[in-house]
Amino acid sequence: MGRVDVCVITTIHPPFEARIYERGVKAFAQAGLSVALVAGWPAPRNDPYVRSWITVLESKTRMRRIANAFRTFRAALQQKARVCYFHDIDFIVWAVLLFLVTRRPVIYDCHENYALEVRYNKPWIWRPFRRPLAAMTSIVEALCVRVLRYCVVPVEGMDVRFQRL
């Protein structure tokens with residue numbers, strides 16, 4: 001198979017969601033880069049933009065996504081990509097480990113303010129846990145971004161949060 005230029009990683013979002021596929025996979029391929037995709041969903045028969053599609057166990061529950069993080073990390077590591085590109089906050093600590101092991105750029109596409117989402121928009125999190133979990137999310141994300149050094153923010157104003165890091 002050979003080494004790829006970019007390994008796109010998604011643990012929460014389906015691979016054909018626009019943020020993953022259009023802005024990631026397809027855009028990289030159309031720019032002339034070879035792309036591997038690590039996802040928790042089975043590959044289609046033929047995808048003209050993906051050289052290598054790696055399916056980890058399908059993640060139908062929140063707990064399974066967390067358990068799949070190590071499998072996703074291992075699959076991304078095996079790609080030996082020049083750059084890794086991921087979207088999901090549940091993979092951020094693994095992304096730091098991926099960077100530390102490979103010493104290759106790992107880009108965090110932060111498309112939400114996760115701390116605010118945890119605090120106000122996650123009804124499945126028990127209310128007394130939301131504030132401390134939001135604070136912890138903010139701290140972990142900030143520490144990880146400092147290590148990764150590369151972050152894409154698609155919404156104006158979100159960049160302020162990461163510039164100082």
# chains A, B, ... in the order shown; residues from 1 in each chain; ligands from 1
call {"tool": "select_by_dssp", "arguments": {"residues": "stretch 40-76 of chain A", "states": "helix (DSSP H, G or I)", "output": "PyMOL selection string"}}
result
chain A and resi 62-76
call {"tool": "write_last_selection", "arguments": {"atoms": "C-alpha atoms", "output": "tab-separated table (two decimals), in the first residue's frame"}}
result
chain	number	residue	atom	x	y	z
A	62	ARG	CA	-20.64	6.68	23.44
A	63	MET	CA	-18.90	4.05	25.56
A	64	ARG	CA	-17.84	2.03	22.53
A	65	ARG	CA	-16.34	5.17	20.92
A	66	ILE	CA	-14.24	5.68	24.04
A	67	ALA	CA	-13.17	2.03	24.00
A	68	ASN	CA	-12.33	2.27	20.28
A	69	ALA	CA	-9.91	5.15	20.83
A	70	PHE	CA	-6.94	2.82	21.27
A	71	ARG	CA	-7.85	0.84	18.14
A	72	THR	CA	-8.18	4.10	16.22
A	73	PHE	CA	-4.80	5.29	17.52
A	74	ARG	CA	-3.15	2.01	16.51
A	75	ALA	CA	-4.72	2.12	13.02
A	76	ALA	CA	-3.59	5.73	12.50
call {"tool": "closest_atom_pairs", "arguments": {"of": "stretch 97-132 of chain A", "to": "stretch 143-155 of chain A", "cutoff": "7 Å", "atoms": "only C-alpha atoms", "output": "Markdown table"}}
result
| residue | atom | partner | partner_atom | distance |
| --- | --- | --- | --- | --- |
| A:Phe99 | CA | A:Leu148 | CA | 7.0 |
| A:Val106 | CA | A:Leu148 | CA | 6.2 |
| A:Ile107 | CA | A:Tyr150 | CA | 4.9 |
| A:Tyr108 | CA | A:Cys151 | CA | 4.7 |
| A:Asp109 | CA | A:Val152 | CA | 4.6 |
| A:Cys110 | CA | A:Val153 | CA | 5.4 |
| A:His111 | CA | A:Val153 | CA | 5.9 |
call {"tool": "write_last_selection", "arguments": {"atoms": "all heavy atoms", "output": "PDB file, in the first residue's frame"}}
result
ATOM      1  N   PHE A  99       1.327  12.155  18.047  1.00  0.00           N
ATOM      2  CA  PHE A  99       2.378  13.134  17.744  1.00  0.00           C
ATOM      3  C   PHE A  99       3.688  12.779  18.454  1.00  0.00           C
ATOM      4  O   PHE A  99       4.766  12.820  17.854  1.00  0.00           O
ATOM      5  CB  PHE A  99       1.932  14.542  18.139  1.00  0.00           C
ATOM      6  CG  PHE A  99       3.051  15.534  18.144  1.00  0.00           C
ATOM      7  CD1 PHE A  99       3.618  15.976  16.957  1.00  0.00           C
ATOM      8  CD2 PHE A  99       3.567  16.004  19.335  1.00  0.00           C
ATOM      9  CE1 PHE A  99       4.670  16.883  16.969  1.00  0.00           C
ATOM     10  CE2 PHE A  99       4.613  16.911  19.355  1.00  0.00           C
ATOM     11  CZ  PHE A  99       5.174  17.346  18.167  1.00  0.00           C
ATOM     12  N   VAL A 106       0.186  16.582  13.749  1.00  0.00           N
ATOM     13  CA  VAL A 106      -1.172  16.102  13.964  1.00  0.00           C
ATOM     14  C   VAL A 106      -2.036  17.353  14.114  1.00  0.00           C
ATOM     15  O   VAL A 106      -1.805  18.162  15.015  1.00  0.00           O
ATOM     16  CB  VAL A 106      -1.270  15.208  15.223  1.00  0.00           C
ATOM     17  CG1 VAL A 106      -2.714  14.774  15.448  1.00  0.00           C
ATOM     18  CG2 VAL A 106      -0.354  14.000  15.100  1.00  0.00           C
ATOM     19  N   ILE A 107      -2.979  17.510  13.212  1.00  0.00           N
ATOM     20  CA  ILE A 107      -3.795  18.720  13.152  1.00  0.00           C
ATOM     21  C   ILE A 107      -5.154  18.455  13.779  1.00  0.00           C
ATOM     22  O   ILE A 107      -5.844  17.501  13.425  1.00  0.00           O
ATOM     23  CB  ILE A 107      -3.969  19.186  11.692  1.00  0.00           C
ATOM     24  CG1 ILE A 107      -2.592  19.444  11.065  1.00  0.00           C
ATOM     25  CG2 ILE A 107      -4.850  20.427  11.624  1.00  0.00           C
ATOM     26  CD1 ILE A 107      -2.627  19.598   9.561  1.00  0.00           C
ATOM     27  N   TYR A 108      -5.534  19.332  14.690  1.00  0.00           N
ATOM     28  CA  TYR A 108      -6.817  19.256  15.393  1.00  0.00           C
ATOM     29  C   TYR A 108      -7.797  20.193  14.705  1.00  0.00           C
ATOM     30  O   TYR A 108      -7.590  21.402  14.680  1.00  0.00           O
ATOM     31  CB  TYR A 108      -6.599  19.648  16.850  1.00  0.00           C
ATOM     32  CG  TYR A 108      -7.823  19.777  17.714  1.00  0.00           C
ATOM     33  CD1 TYR A 108      -8.917  18.927  17.581  1.00  0.00           C
ATOM     34  CD2 TYR A 108      -7.873  20.735  18.710  1.00  0.00           C
ATOM     35  CE1 TYR A 108     -10.019  19.041  18.412  1.00  0.00           C
ATOM     36  CE2 TYR A 108      -8.969  20.852  19.551  1.00  0.00           C
ATOM     37  CZ  TYR A 108     -10.041  20.003  19.392  1.00  0.00           C
ATOM     38  OH  TYR A 108     -11.131  20.118  20.209  1.00  0.00           O
ATOM     39  N   ASP A 109      -8.851  19.656  14.127  1.00  0.00           N
ATOM     40  CA  ASP A 109      -9.913  20.468  13.534  1.00  0.00           C
ATOM     41  C   ASP A 109     -10.989  20.643  14.595  1.00  0.00           C
ATOM     42  O   ASP A 109     -11.828  19.775  14.807  1.00  0.00           O
ATOM     43  CB  ASP A 109     -10.476  19.773  12.299  1.00  0.00           C
ATOM     44  CG  ASP A 109     -11.488  20.628  11.553  1.00  0.00           C
ATOM     45  OD1 ASP A 109     -12.144  21.484  12.190  1.00  0.00           O
ATOM     46  OD2 ASP A 109     -11.635  20.445  10.343  1.00  0.00           O
ATOM     47  N   CYS A 110     -10.927  21.765  15.286  1.00  0.00           N
ATOM     48  CA  CYS A 110     -11.848  22.029  16.393  1.00  0.00           C
ATOM     49  C   CYS A 110     -13.048  22.795  15.860  1.00  0.00           C
ATOM     50  O   CYS A 110     -12.970  23.988  15.612  1.00  0.00           O
ATOM     51  CB  CYS A 110     -11.151  22.834  17.483  1.00  0.00           C
ATOM     52  SG  CYS A 110     -12.237  23.190  18.856  1.00  0.00           S
ATOM     53  N   HIS A 111     -14.144  22.118  15.679  1.00  0.00           N
ATOM     54  CA  HIS A 111     -15.318  22.751  15.092  1.00  0.00           C
ATOM     55  C   HIS A 111     -16.387  23.099  16.113  1.00  0.00           C
ATOM     56  O   HIS A 111     -17.473  23.525  15.741  1.00  0.00           O
ATOM     57  CB  HIS A 111     -15.898  21.865  13.991  1.00  0.00           C
ATOM     58  CG  HIS A 111     -16.132  20.463  14.412  1.00  0.00           C
ATOM     59  ND1 HIS A 111     -15.188  19.482  14.250  1.00  0.00           N
ATOM     60  CD2 HIS A 111     -17.179  19.892  15.019  1.00  0.00           C
ATOM     61  CE1 HIS A 111     -15.657  18.354  14.730  1.00  0.00           C
ATOM     62  NE2 HIS A 111     -16.869  18.575  15.202  1.00  0.00           N
TER      63      HIS A 111
END
call {"tool": "residues_around", "arguments": {"residues": "A:Ala142", "least_positions_apart": "5", "cutoff": "9 Å", "atoms": "only C-alpha atoms", "output": "CSV table (one decimal) with N, CA, C and O atoms, in the first residue's frame"}}
result
chain,number,residue,atom,x,y,z
A,137,THR,N,-12.7,19.5,30.5
A,137,THR,CA,-12.6,19.5,29.1
A,137,THR,C,-11.7,20.7,28.6
A,137,THR,O,-10.9,20.5,27.7
A,147,VAL,N,0.7,21.1,22.9
A,147,VAL,CA,1.6,20.0,22.4
A,147,VAL,C,1.4,19.9,20.9
A,147,VAL,O,2.5,19.8,20.2
A,161,ARG,N,-9.4,31.7,21.2
A,161,ARG,CA,-9.2,30.7,22.3
A,161,ARG,C,-7.9,29.9,22.1
A,161,ARG,O,-7.3,29.5,23.1
A,162,PHE,N,-7.4,29.7,20.9
A,162,PHE,CA,-6.2,28.9,20.7
A,162,PHE,C,-5.0,29.7,20.4
A,162,PHE,O,-3.9,29.2,20.5
A,165,LEU,N,-2.3,29.8,23.0
A,165,LEU,CA,-1.7,28.6,23.3
A,165,LEU,C,-0.6,28.2,22.4
A,165,LEU,O,0.2,27.4,22.6
call {"tool": "closest_atom_pairs", "arguments": {"of": "stretch 24-131 of chain A", "to": "stretch 6-13 of chain A", "cutoff": "6 Å", "atoms": "only C-alpha atoms", "output": "CSV"}}
result
residue,atom,partner,partner_atom,distance
A:Val35,CA,A:Val6,CA,5.0
A:Ala36,CA,A:Cys7,CA,4.6
A:Leu37,CA,A:Val8,CA,4.8
A:Val38,CA,A:Ile9,CA,4.9
A:Ala39,CA,A:Thr10,CA,5.2
A:Ala81,CA,A:Val6,CA,5.5
A:Val83,CA,A:Val6,CA,4.9
A:Cys84,CA,A:Cys7,CA,4.7
A:Tyr85,CA,A:Val8,CA,4.8
A:Phe86,CA,A:Ile9,CA,4.7
call {"tool": "closest_residue", "arguments": {"among": "A:Lys122, A:Arg23, A:Arg164, A:Arg3", "to": "A:Ser52", "atoms": "only C-alpha atoms"}}
result
A:Arg3
